[in-house]
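Listing of upload33.pdb; format and content: PDB, C-alpha atoms.
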```pdb
MODEL        1
ATOM      1  CA  MET J   1      -2.881   7.090 194.341
ATOM      2  CA  VAL J   2      -3.955  10.392 195.891
ATOM      3  CA  GLU J   3      -6.896  10.192 198.283
ATOM      4  CA  TRP J   4      -9.389  13.046 198.352
ATOM      5  CA  THR J   5     -12.082  13.493 200.995
ATOM      6  CA  GLU J   6     -15.520  14.812 200.020
ATOM      7  CA  GLN J   7     -14.660  18.068 201.749
ATOM      8  CA  GLU J   8     -11.445  18.462 199.765
ATOM      9  CA  ARG J   9     -13.226  17.806 196.476
ATOM     10  CA  SER J  10     -15.889  20.377 197.233
ATOM     11  CA  ILE J  11     -13.285  22.960 198.322
ATOM     12  CA  ILE J  12     -11.422  22.601 195.024
ATOM     13  CA  THR J  13     -14.587  22.759 192.914
ATOM     14  CA  SER J  14     -15.777  25.769 194.862
ATOM     15  CA  ILE J  15     -12.491  27.691 194.494
ATOM     16  CA  PHE J  16     -12.407  27.121 190.740
ATOM     17  CA  SER J  17     -16.070  27.832 190.090
ATOM     18  CA  ASN J  18     -15.715  31.219 191.809
ATOM     19  CA  LEU J  19     -12.428  32.044 190.111
ATOM     20  CA  ASP J  20     -11.991  35.106 187.876
ATOM     21  CA  TYR J  21      -9.544  33.491 185.470
ATOM     22  CA  GLU J  22      -8.775  36.677 183.538
ATOM     23  CA  ASP J  23      -7.774  38.422 186.736
ATOM     24  CA  VAL J  24      -6.073  35.710 188.781
ATOM     25  CA  GLY J  25      -4.182  34.031 185.927
ATOM     26  CA  PRO J  26      -2.311  37.147 184.766
ATOM     27  CA  LYS J  27      -1.709  38.253 188.382
ATOM     28  CA  ALA J  28      -0.199  34.900 189.327
ATOM     29  CA  LEU J  29       2.071  34.648 186.281
ATOM     30  CA  SER J  30       3.268  38.233 186.462
ATOM     31  CA  ARG J  31       3.928  37.921 190.198
ATOM     32  CA  CYS J  32       6.011  34.820 189.492
ATOM     33  CA  LEU J  33       8.057  36.631 186.844
ATOM     34  CA  ILE J  34       8.640  39.583 189.179
ATOM     35  CA  VAL J  35       9.318  37.738 192.427
ATOM     36  CA  TYR J  36      11.414  35.015 190.756
ATOM     37  CA  PRO J  37      13.006  36.922 187.874
ATOM     38  CA  TRP J  38      14.955  33.915 186.580
ATOM     39  CA  THR J  39      11.631  32.485 185.398
ATOM     40  CA  GLN J  40      11.637  35.194 182.712
ATOM     41  CA  ARG J  41      14.065  32.996 180.792
ATOM     42  CA  TYR J  42      11.101  31.083 179.375
ATOM     43  CA  PHE J  43       9.403  34.181 178.000
ATOM     44  CA  ALA J  44      12.136  35.821 175.942
ATOM     45  CA  SER J  45       9.800  36.090 172.945
ATOM     46  CA  PHE J  46       7.010  37.792 174.888
ATOM     47  CA  GLY J  47       8.274  41.352 174.493
ATOM     48  CA  ASN J  48       8.979  43.937 177.173
ATOM     49  CA  LEU J  49       9.620  42.360 180.596
ATOM     50  CA  TYR J  50      11.983  45.078 181.675
ATOM     51  CA  ASN J  51      10.350  45.993 184.993
ATOM     52  CA  ALA J  52       7.360  45.133 187.162
ATOM     53  CA  ASP J  53       5.010  47.568 185.397
ATOM     54  CA  ALA J  54       6.024  46.298 181.956
ATOM     55  CA  ILE J  55       5.418  42.714 183.062
ATOM     56  CA  LYS J  56       2.046  43.497 184.640
ATOM     57  CA  THR J  57       0.761  45.271 181.524
ATOM     58  CA  ASN J  58       2.301  42.945 178.925
ATOM     59  CA  PRO J  59      -0.612  41.541 176.892
ATOM     60  CA  ASN J  60       1.253  38.319 176.052
ATOM     61  CA  ILE J  61       1.804  37.644 179.743
ATOM     62  CA  GLN J  62      -1.841  38.410 180.501
ATOM     63  CA  ALA J  63      -3.082  36.018 177.823
ATOM     64  CA  HIS J  64      -0.654  33.324 178.889
ATOM     65  CA  GLY J  65      -1.539  33.670 182.566
ATOM     66  CA  THR J  66      -5.198  33.096 181.774
ATOM     67  CA  ARG J  67      -4.291  30.127 179.578
ATOM     68  CA  VAL J  68      -2.113  28.479 182.224
ATOM     69  CA  LEU J  69      -4.829  28.881 184.854
ATOM     70  CA  HIS J  70      -7.390  27.258 182.560
ATOM     71  CA  GLY J  71      -4.847  24.459 182.180
ATOM     72  CA  LEU J  72      -5.760  23.483 185.738
ATOM     73  CA  ASP J  73      -9.392  22.840 184.782
ATOM     74  CA  ARG J  74      -8.607  19.347 183.568
ATOM     75  CA  ALA J  75      -7.104  18.458 186.916
ATOM     76  CA  VAL J  76     -10.224  19.747 188.686
ATOM     77  CA  LYS J  77     -12.382  17.531 186.465
ATOM     78  CA  ASN J  78     -10.094  14.510 186.908
ATOM     79  CA  MET J  79      -8.946  14.724 190.491
ATOM     80  CA  ASP J  80      -8.545  10.966 190.782
ATOM     81  CA  ASN J  81      -6.337  10.793 187.764
ATOM     82  CA  ILE J  82      -4.199  13.903 187.662
ATOM     83  CA  LYS J  83      -1.021  11.972 186.922
ATOM     84  CA  SER J  84      -2.247  10.526 183.613
ATOM     85  CA  THR J  85      -4.291  13.637 182.762
ATOM     86  CA  TYR J  86      -1.062  15.653 182.606
ATOM     87  CA  ALA J  87       1.257  13.063 181.051
ATOM     88  CA  GLU J  88       1.218  14.830 177.701
ATOM     89  CA  LEU J  89       1.637  18.300 179.218
ATOM     90  CA  SER J  90       4.567  16.976 181.214
ATOM     91  CA  VAL J  91       6.264  15.733 178.059
ATOM     92  CA  LEU J  92       5.606  19.131 176.450
ATOM     93  CA  HIS J  93       7.171  21.050 179.342
ATOM     94  CA  SER J  94      10.164  18.724 179.358
ATOM     95  CA  GLU J  95      10.926  18.075 175.705
ATOM     96  CA  LYS J  96       9.641  21.175 173.969
ATOM     97  CA  LEU J  97       9.567  23.997 176.524
ATOM     98  CA  HIS J  98      12.567  22.767 178.575
ATOM     99  CA  VAL J  99      11.171  24.211 181.797
ATOM    100  CA  ASP J 100      13.050  23.388 185.001
ATOM    101  CA  PRO J 101      10.352  21.596 187.049
ATOM    102  CA  ASP J 102      11.385  23.515 190.192
ATOM    103  CA  ASN J 103       9.617  26.452 188.581
ATOM    104  CA  PHE J 104       6.217  24.751 188.786
ATOM    105  CA  LYS J 105       6.296  25.106 192.547
ATOM    106  CA  LEU J 106       7.199  28.795 192.295
ATOM    107  CA  LEU J 107       4.166  29.503 190.107
ATOM    108  CA  ALA J 108       1.973  27.369 192.369
ATOM    109  CA  ASP J 109       3.058  29.437 195.391
ATOM    110  CA  CYS J 110       2.325  32.694 193.569
ATOM    111  CA  LEU J 111      -1.114  31.415 192.562
ATOM    112  CA  THR J 112      -1.902  30.509 196.179
ATOM    113  CA  ILE J 113      -0.823  33.955 197.348
ATOM    114  CA  VAL J 114      -2.887  35.775 194.695
ATOM    115  CA  ILE J 115      -5.979  33.779 195.653
ATOM    116  CA  ALA J 116      -5.337  34.445 199.353
ATOM    117  CA  ALA J 117      -5.034  38.181 198.632
ATOM    118  CA  LYS J 118      -8.328  38.098 196.724
ATOM    119  CA  MET J 119     -10.330  36.040 199.186
ATOM    120  CA  GLY J 120      -8.893  37.422 202.423
ATOM    121  CA  SER J 121     -10.084  35.571 205.496
ATOM    122  CA  GLY J 122     -12.498  33.661 203.266
ATOM    123  CA  PHE J 123      -9.475  31.600 202.295
ATOM    124  CA  THR J 124      -9.508  29.537 205.502
ATOM    125  CA  PRO J 125      -6.541  27.458 206.716
ATOM    126  CA  GLU J 126      -8.393  24.314 205.559
ATOM    127  CA  MET J 127      -8.945  25.759 202.091
ATOM    128  CA  GLN J 128      -5.272  26.748 201.942
ATOM    129  CA  ALA J 129      -4.159  23.241 202.918
ATOM    130  CA  THR J 130      -6.474  21.620 200.349
ATOM    131  CA  PHE J 131      -5.527  24.012 197.564
ATOM    132  CA  GLN J 132      -1.812  23.527 198.262
ATOM    133  CA  LYS J 133      -2.310  19.747 198.274
ATOM    134  CA  PHE J 134      -4.087  19.982 194.910
ATOM    135  CA  LEU J 135      -1.314  22.119 193.422
ATOM    136  CA  ALA J 136       1.365  19.788 194.809
ATOM    137  CA  VAL J 137      -0.269  16.881 192.964
ATOM    138  CA  VAL J 138      -0.421  18.944 189.760
ATOM    139  CA  VAL J 139       3.222  19.982 190.145
ATOM    140  CA  SER J 140       4.256  16.380 190.694
ATOM    141  CA  ALA J 141       2.310  15.203 187.627
ATOM    142  CA  LEU J 142       3.877  17.893 185.462
ATOM    143  CA  GLY J 143       7.353  16.800 186.494
ATOM    144  CA  ARG J 144       6.703  13.107 186.077
ATOM    145  CA  GLN J 145       7.711  12.612 182.422
ATOM    146  CA  TYR J 146      11.070  14.350 182.728
ATOM    147  CA  HIS J 147      14.068  12.128 182.160
TER
ATOM    148  CA  MET I   1      20.527  37.456 197.410
ATOM    149  CA  SER I   2      21.389  40.328 199.734
ATOM    150  CA  LEU I   3      19.095  43.202 200.614
ATOM    151  CA  SER I   4      19.308  46.386 198.580
ATOM    152  CA  ASP I   5      18.357  49.761 200.034
ATOM    153  CA  LYS I   6      15.098  49.446 198.097
ATOM    154  CA  ASP I   7      14.377  46.082 199.740
ATOM    155  CA  LYS I   8      15.072  47.451 203.214
ATOM    156  CA  ALA I   9      12.833  50.469 202.617
ATOM    157  CA  ALA I  10       9.993  48.268 201.326
ATOM    158  CA  VAL I  11      10.233  45.922 204.313
ATOM    159  CA  LYS I  12      10.318  48.782 206.820
ATOM    160  CA  ALA I  13       7.345  50.478 205.174
ATOM    161  CA  LEU I  14       5.213  47.331 205.159
ATOM    162  CA  TRP I  15       6.170  46.435 208.709
ATOM    163  CA  ALA I  16       5.260  49.918 209.914
ATOM    164  CA  LYS I  17       1.831  49.393 208.397
ATOM    165  CA  ALA I  18       1.506  45.881 209.816
ATOM    166  CA  GLU I  19       2.704  46.764 213.313
ATOM    167  CA  GLY I  20      -0.757  47.173 214.809
ATOM    168  CA  LYS I  21      -1.799  43.706 213.625
ATOM    169  CA  SER I  22       1.500  41.994 214.346
ATOM    170  CA  SER I  23       0.139  39.484 216.872
ATOM    171  CA  GLU I  24      -2.785  38.590 214.641
ATOM    172  CA  ILE I  25      -0.558  38.103 211.612
ATOM    173  CA  GLY I  26       1.869  35.906 213.511
ATOM    174  CA  ALA I  27      -0.908  33.804 215.003
ATOM    175  CA  GLU I  28      -2.589  33.361 211.610
ATOM    176  CA  ALA I  29       0.696  32.417 209.887
ATOM    177  CA  LEU I  30       1.733  29.888 212.513
ATOM    178  CA  GLY I  31      -1.759  28.387 212.636
ATOM    179  CA  ARG I  32      -1.885  27.995 208.877
ATOM    180  CA  MET I  33       1.584  26.453 208.798
ATOM    181  CA  LEU I  34       0.513  23.768 211.279
ATOM    182  CA  VAL I  35      -2.568  22.971 209.151
ATOM    183  CA  SER I  36      -0.975  23.034 205.688
ATOM    184  CA  TYR I  37       2.376  21.481 206.629
ATOM    185  CA  PRO I  38       1.543  18.864 209.254
ATOM    186  CA  GLN I  39       5.186  17.825 209.553
ATOM    187  CA  THR I  40       5.825  21.105 211.379
ATOM    188  CA  LYS I  41       3.571  19.938 214.206
ATOM    189  CA  THR I  42       6.349  17.618 215.310
ATOM    190  CA  TYR I  43       8.053  20.570 216.984
ATOM    191  CA  PHE I  44       5.021  21.374 219.103
ATOM    192  CA  SER I  45       3.803  17.947 220.187
ATOM    193  CA  HIS I  46       4.091  19.046 223.824
ATOM    194  CA  TRP I  47       1.411  21.693 223.353
ATOM    195  CA  GLY I  48      -1.572  19.389 222.927
ATOM    196  CA  ASP I  49      -4.046  21.588 221.068
ATOM    197  CA  LEU I  50      -2.447  22.664 217.772
ATOM    198  CA  ARG I  51      -5.522  24.124 216.121
ATOM    199  CA  PRO I  52      -5.095  27.672 214.752
ATOM    200  CA  GLN I  53      -7.401  29.128 217.405
ATOM    201  CA  SER I  54      -5.625  27.585 220.381
ATOM    202  CA  ALA I  55      -4.132  29.951 222.939
ATOM    203  CA  LYS I  56      -0.609  28.519 222.681
ATOM    204  CA  VAL I  57      -0.535  28.796 218.890
ATOM    205  CA  LYS I  58      -1.778  32.378 218.990
ATOM    206  CA  LYS I  59       0.706  33.379 221.678
ATOM    207  CA  HIS I  60       3.646  31.791 219.917
ATOM    208  CA  GLY I  61       2.693  33.321 216.587
ATOM    209  CA  ALA I  62       2.736  36.709 218.275
ATOM    210  CA  THR I  63       6.161  35.968 219.790
ATOM    211  CA  VAL I  64       7.613  34.996 216.415
ATOM    212  CA  MET I  65       6.211  38.084 214.722
ATOM    213  CA  ALA I  66       7.558  40.345 217.485
ATOM    214  CA  ALA I  67      11.015  38.850 216.938
ATOM    215  CA  LEU I  68      10.672  39.582 213.226
ATOM    216  CA  GLY I  69       9.816  43.158 214.120
ATOM    217  CA  LYS I  70      13.129  43.384 215.980
ATOM    218  CA  ALA I  71      14.853  41.885 212.937
ATOM    219  CA  VAL I  72      13.359  44.646 210.777
ATOM    220  CA  LYS I  73      14.771  47.264 213.162
ATOM    221  CA  GLY I  74      18.179  45.555 212.991
ATOM    222  CA  ILE I  75      17.943  44.899 209.266
ATOM    223  CA  ASP I  76      21.438  46.236 208.598
ATOM    224  CA  ASP I  77      23.003  43.500 210.707
ATOM    225  CA  LEU I  78      20.717  40.498 210.801
ATOM    226  CA  THR I  79      23.440  38.091 211.906
ATOM    227  CA  GLY I  80      24.200  40.239 214.944
ATOM    228  CA  THR I  81      20.572  41.056 215.710
ATOM    229  CA  LEU I  82      19.533  37.394 215.560
ATOM    230  CA  SER I  83      22.623  35.880 217.159
ATOM    231  CA  ALA I  84      20.946  34.823 220.404
ATOM    232  CA  LEU I  85      17.918  33.455 218.567
ATOM    233  CA  SER I  86      20.227  31.534 216.268
ATOM    234  CA  GLU I  87      21.841  29.867 219.259
ATOM    235  CA  LEU I  88      18.412  29.022 220.647
ATOM    236  CA  HIS I  89      17.228  27.427 217.389
ATOM    237  CA  ALA I  90      20.530  25.627 216.828
ATOM    238  CA  PHE I  91      21.261  24.158 220.209
ATOM    239  CA  LYS I  92      18.001  24.034 222.089
ATOM    240  CA  LEU I  93      15.115  23.900 219.629
ATOM    241  CA  ARG I  94      17.030  22.146 216.832
ATOM    242  CA  VAL I  95      14.510  23.163 214.202
ATOM    243  CA  ASP I  96      15.469  21.872 210.759
ATOM    244  CA  PRO I  97      16.238  25.086 208.833
ATOM    245  CA  ALA I  98      14.074  23.902 205.915
ATOM    246  CA  ASN I  99      11.127  24.856 208.083
ATOM    247  CA  PHE I 100      12.092  28.534 208.115
ATOM    248  CA  LYS I 101      11.130  28.646 204.438
ATOM    249  CA  ILE I 102       7.787  27.017 205.198
ATOM    250  CA  LEU I 103       6.903  29.526 207.911
ATOM    251  CA  GLY I 104       8.160  32.316 205.641
ATOM    252  CA  HIS I 105       5.699  31.246 202.943
ATOM    253  CA  ASN I 106       2.826  31.389 205.406
ATOM    254  CA  ILE I 107       3.852  34.808 206.702
ATOM    255  CA  ILE I 108       3.921  36.079 203.130
ATOM    256  CA  LEU I 109       0.505  34.566 202.425
ATOM    257  CA  VAL I 110      -1.025  36.191 205.509
ATOM    258  CA  LEU I 111       0.556  39.567 204.663
ATOM    259  CA  ALA I 112      -1.029  39.276 201.193
ATOM    260  CA  MET I 113      -4.385  38.467 202.814
ATOM    261  CA  PHE I 114      -4.274  41.378 205.245
ATOM    262  CA  PHE I 115      -2.752  43.966 202.894
ATOM    263  CA  PRO I 116      -3.792  42.982 199.354
ATOM    264  CA  ALA I 117      -3.252  46.466 197.940
ATOM    265  CA  ASP I 118       0.131  47.018 199.607
ATOM    266  CA  PHE I 119       1.598  43.584 199.015
ATOM    267  CA  THR I 120       2.471  44.244 195.383
ATOM    268  CA  PRO I 121       4.868  41.934 193.525
ATOM    269  CA  ASP I 122       7.710  44.427 194.172
ATOM    270  CA  VAL I 123       7.042  44.426 197.910
ATOM    271  CA  HIS I 124       6.665  40.636 197.787
ATOM    272  CA  VAL I 125      10.208  40.259 196.373
ATOM    273  CA  SER I 126      11.697  42.438 199.086
ATOM    274  CA  VAL I 127       9.836  40.704 201.908
ATOM    275  CA  GLU I 128      10.736  37.268 200.602
ATOM    276  CA  LYS I 129      14.398  38.248 200.330
ATOM    277  CA  PHE I 130      14.232  39.647 203.857
ATOM    278  CA  LEU I 131      12.760  36.421 205.241
ATOM    279  CA  GLN I 132      15.417  34.419 203.385
ATOM    280  CA  ASN I 133      18.116  36.549 204.987
ATOM    281  CA  VAL I 134      16.469  36.101 208.391
ATOM    282  CA  ALA I 135      16.464  32.328 207.846
ATOM    283  CA  TRP I 136      20.134  32.490 206.913
ATOM    284  CA  ALA I 137      20.976  34.496 210.052
ATOM    285  CA  LEU I 138      18.937  32.077 212.180
ATOM    286  CA  SER I 139      20.906  29.147 210.755
ATOM    287  CA  GLU I 140      24.285  30.783 211.469
ATOM    288  CA  LYS I 141      25.097  28.861 214.636
ATOM    289  CA  TYR I 142      23.866  25.449 213.445
ATOM    290  CA  ARG I 143      27.216  24.044 212.335
TER
ENDMDL
END
```
For the file at hand, write its structure as structure tokens.
Amino acid sequence: MVEWTEQERSIITSIFSNLDYEDVGPKALSRCLIVYPWTQRYFASFGNLYNADAIKTNPNIQAHGTRVLHGLDRAVKNMDNIKSTYAELSVLHSEKLHVDPDNFKLLADCLTIVIAAKMGSGFTPEMQATFQKFLAVVVSALGRQYH
Amino acid sequence: MSLSDKDKAAVKALWAKAEGKSSEIGAEALGRMLVSYPQTKTYFSHWGDLRPQSAKVKKHGATVMAALGKAVKGIDDLTGTLSALSELHAFKLRVDPANFKILGHNIILVLAMFFPADFTPDVHVSVEKFLQNVAWALSEKYR
């Protein structure tokens, strides 16, 4: 069972309540697809992903980035129960989407970097540590139902 | 994943921009690594104060970043350029090479923080590839 201090809980709530989902979500997903191009394999039906500009302006990617980021909201609301909160999503990613779970960490890293770029020095080392801990728990939960 | 001419140009351009803040970037990256990845503190237990603002952390961060600056200058032959440092890490420091990736992540994060407009996804790829190649060159002498 993951232990969260009061400070960690308030850091996570604060990051997400100040988050511009429509900006950060698309930026994180498109950065992932550009920096780790093999992740494009999951988006063959999304249209033109031919180069960085195409990816950044692709409306399907933008919509999906926002959607994925909102997917984290349930974890924020259920921090003591992230594992069971994401059981169904884990099954989906495994059985239907067939996503290699190593990719979850790649997207998590890109999300952290996008938020750091946006917040600058406001993203303190403690906030970084807490946010990365939160994402690590999410990533673990999403990989849990794979077999 | 070897470095293309485009990668090398991107790395050189960013590093030229970052040169003035090199010490600060290195200190910030090392400090953040010690906070976010506590297992890395095991290599610095002899320092005592491992908080990001401590003098030793700041100084060492600057040292690491200066070495990376030299690597950028010798980017066409990283194995040769980093040969002595590889021996140091392999035989004296014995840092598990998995940690190079961890520090690399923190350097990238700090670069994104300091240069949000310049650290585009394209530049990010090139810098990450560069740091991977540096890690590879640093691991050369391990076994």
Region 104-126 of chain J residues near region 49-72 of chain J within 12 Å, closest pair each, using all atoms listed in the file, as a Markdown table:
```
| residue | atom | partner | partner_atom | distance |
| --- | --- | --- | --- | --- |
| J:Phe104 | CA | J:Val68 | CA | 11.2 |
| J:Leu107 | CA | J:Val68 | CA | 10.1 |
| J:Ala108 | CA | J:Leu69 | CA | 10.2 |
| J:Cys110 | CA | J:Gly65 | CA | 11.7 |
| J:Leu111 | CA | J:Leu69 | CA | 8.9 |
| J:Thr112 | CA | J:Leu69 | CA | 11.8 |
| J:Ile115 | CA | J:Leu69 | CA | 11.9 |
```
Convert the current residue selection to file output with C-alpha atoms, as a short mmCIF file (atom, residue, chain, number, x, y, z; two decimals), in the frame of the given file.
```cif
data_model
loop_
_atom_site.label_atom_id
_atom_site.label_comp_id
_atom_site.auth_asym_id
_atom_site.auth_seq_id
_atom_site.Cartn_x
_atom_site.Cartn_y
_atom_site.Cartn_z
CA PHE J 104 6.22 24.75 188.79
CA LEU J 107 4.17 29.50 190.11
CA ALA J 108 1.97 27.37 192.37
CA CYS J 110 2.33 32.69 193.57
CA LEU J 111 -1.11 31.42 192.56
CA THR J 112 -1.90 30.51 196.18
CA ILE J 115 -5.98 33.78 195.65
#
```
Selection result of the ChimeraX specification (/I :<8) & /J on this file, as a tab-separated table (two decimals) with C-alpha atoms, keeping the file's coordinate frame:
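The result, stored in expr-v4.tsv:
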```tsv
chain	number	residue	atom	x	y	z
J	31	ARG	CA	3.93	37.92	190.20
J	34	ILE	CA	8.64	39.58	189.18
J	35	VAL	CA	9.32	37.74	192.43
J	36	TYR	CA	11.41	35.02	190.76
J	52	ALA	CA	7.36	45.13	187.16
J	112	THR	CA	-1.90	30.51	196.18
J	113	ILE	CA	-0.82	33.96	197.35
J	114	VAL	CA	-2.89	35.78	194.70
J	116	ALA	CA	-5.34	34.44	199.35
J	117	ALA	CA	-5.03	38.18	198.63
J	118	LYS	CA	-8.33	38.10	196.72
J	119	MET	CA	-10.33	36.04	199.19
J	120	GLY	CA	-8.89	37.42	202.42
J	121	SER	CA	-10.08	35.57	205.50
J	125	PRO	CA	-6.54	27.46	206.72
J	126	GLU	CA	-8.39	24.31	205.56
J	128	GLN	CA	-5.27	26.75	201.94
J	129	ALA	CA	-4.16	23.24	202.92
J	130	THR	CA	-6.47	21.62	200.35
J	132	GLN	CA	-1.81	23.53	198.26
```
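One finds CA of Ile82 (chain J) at 19.7 Å from CA of Glu95 (chain J).
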Can you translate the PyMOL selection byres ((chain J and resi 13) around 12) into the concrete residues it hits in this file, as a JSON list (two decimals) with C-alpha atoms, in the coordinates of the input?
```
[["chain", "number", "residue", "atom", "x", "y", "z"],
["J", 6, "GLU", "CA", -15.52, 14.81, 200.02],
["J", 7, "GLN", "CA", -14.66, 18.07, 201.75],
["J", 8, "GLU", "CA", -11.44, 18.46, 199.76],
["J", 9, "ARG", "CA", -13.23, 17.81, 196.48],
["J", 10, "SER", "CA", -15.89, 20.38, 197.23],
["J", 11, "ILE", "CA", -13.28, 22.96, 198.32],
["J", 12, "ILE", "CA", -11.42, 22.60, 195.02],
["J", 14, "SER", "CA", -15.78, 25.77, 194.86],
["J", 15, "ILE", "CA", -12.49, 27.69, 194.49],
["J", 16, "PHE", "CA", -12.41, 27.12, 190.74],
["J", 17, "SER", "CA", -16.07, 27.83, 190.09],
["J", 18, "ASN", "CA", -15.72, 31.22, 191.81],
["J", 19, "LEU", "CA", -12.43, 32.04, 190.11],
["J", 72, "LEU", "CA", -5.76, 23.48, 185.74],
["J", 73, "ASP", "CA", -9.39, 22.84, 184.78],
["J", 74, "ARG", "CA", -8.61, 19.35, 183.57],
["J", 75, "ALA", "CA", -7.10, 18.46, 186.92],
["J", 76, "VAL", "CA", -10.22, 19.75, 188.69],
["J", 77, "LYS", "CA", -12.38, 17.53, 186.46],
["J", 78, "ASN", "CA", -10.09, 14.51, 186.91],
["J", 79, "MET", "CA", -8.95, 14.72, 190.49],
["J", 127, "MET", "CA", -8.94, 25.76, 202.09],
["J", 130, "THR", "CA", -6.47, 21.62, 200.35],
["J", 131, "PHE", "CA", -5.53, 24.01, 197.56],
["J", 134, "PHE", "CA", -4.09, 19.98, 194.91]]
```
Given the file shown, determine the residues that the PyMOL selection byres ((chain I and resi 78-94) around 10) selects; report them as a PDB file with C-alpha atoms, in the frame of the given file.
```pdb
ATOM      1  CA  TYR I  43       8.053  20.570 216.984  1.00  0.00           C
ATOM      2  CA  ALA I  67      11.015  38.850 216.938  1.00  0.00           C
ATOM      3  CA  LEU I  68      10.672  39.582 213.226  1.00  0.00           C
ATOM      4  CA  LYS I  70      13.129  43.384 215.980  1.00  0.00           C
ATOM      5  CA  ALA I  71      14.853  41.885 212.937  1.00  0.00           C
ATOM      6  CA  VAL I  72      13.359  44.646 210.777  1.00  0.00           C
ATOM      7  CA  LYS I  73      14.771  47.264 213.162  1.00  0.00           C
ATOM      8  CA  GLY I  74      18.179  45.555 212.991  1.00  0.00           C
ATOM      9  CA  ILE I  75      17.943  44.899 209.266  1.00  0.00           C
ATOM     10  CA  ASP I  76      21.438  46.236 208.598  1.00  0.00           C
ATOM     11  CA  ASP I  77      23.003  43.500 210.707  1.00  0.00           C
ATOM     12  CA  VAL I  95      14.510  23.163 214.202  1.00  0.00           C
ATOM     13  CA  ASP I  96      15.469  21.872 210.759  1.00  0.00           C
ATOM     14  CA  PRO I  97      16.238  25.086 208.833  1.00  0.00           C
ATOM     15  CA  PHE I 130      14.232  39.647 203.857  1.00  0.00           C
ATOM     16  CA  ASN I 133      18.116  36.549 204.987  1.00  0.00           C
ATOM     17  CA  VAL I 134      16.469  36.101 208.391  1.00  0.00           C
ATOM     18  CA  ALA I 135      16.464  32.328 207.846  1.00  0.00           C
ATOM     19  CA  TRP I 136      20.134  32.490 206.913  1.00  0.00           C
ATOM     20  CA  ALA I 137      20.976  34.496 210.052  1.00  0.00           C
ATOM     21  CA  LEU I 138      18.937  32.077 212.180  1.00  0.00           C
ATOM     22  CA  SER I 139      20.906  29.147 210.755  1.00  0.00           C
ATOM     23  CA  GLU I 140      24.285  30.783 211.469  1.00  0.00           C
ATOM     24  CA  LYS I 141      25.097  28.861 214.636  1.00  0.00           C
ATOM     25  CA  TYR I 142      23.866  25.449 213.445  1.00  0.00           C
ATOM     26  CA  ARG I 143      27.216  24.044 212.335  1.00  0.00           C
TER      27      ARG I 143
END
```
Next item on the list: For CA of Pro101 (chain J) and CA of Leu30 (chain I), quote the distance in Å rounded to one decimal.
Entry: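 Between CA of Pro101 (chain J) and CA of Leu30 (chain I) the gap is 28.1 Å.
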Margin query: Please report the interatomic distance between CA of Asp118 (chain I) and CA of Leu14 (chain I) in Å with one decimal.
Written below: 7.5 Å
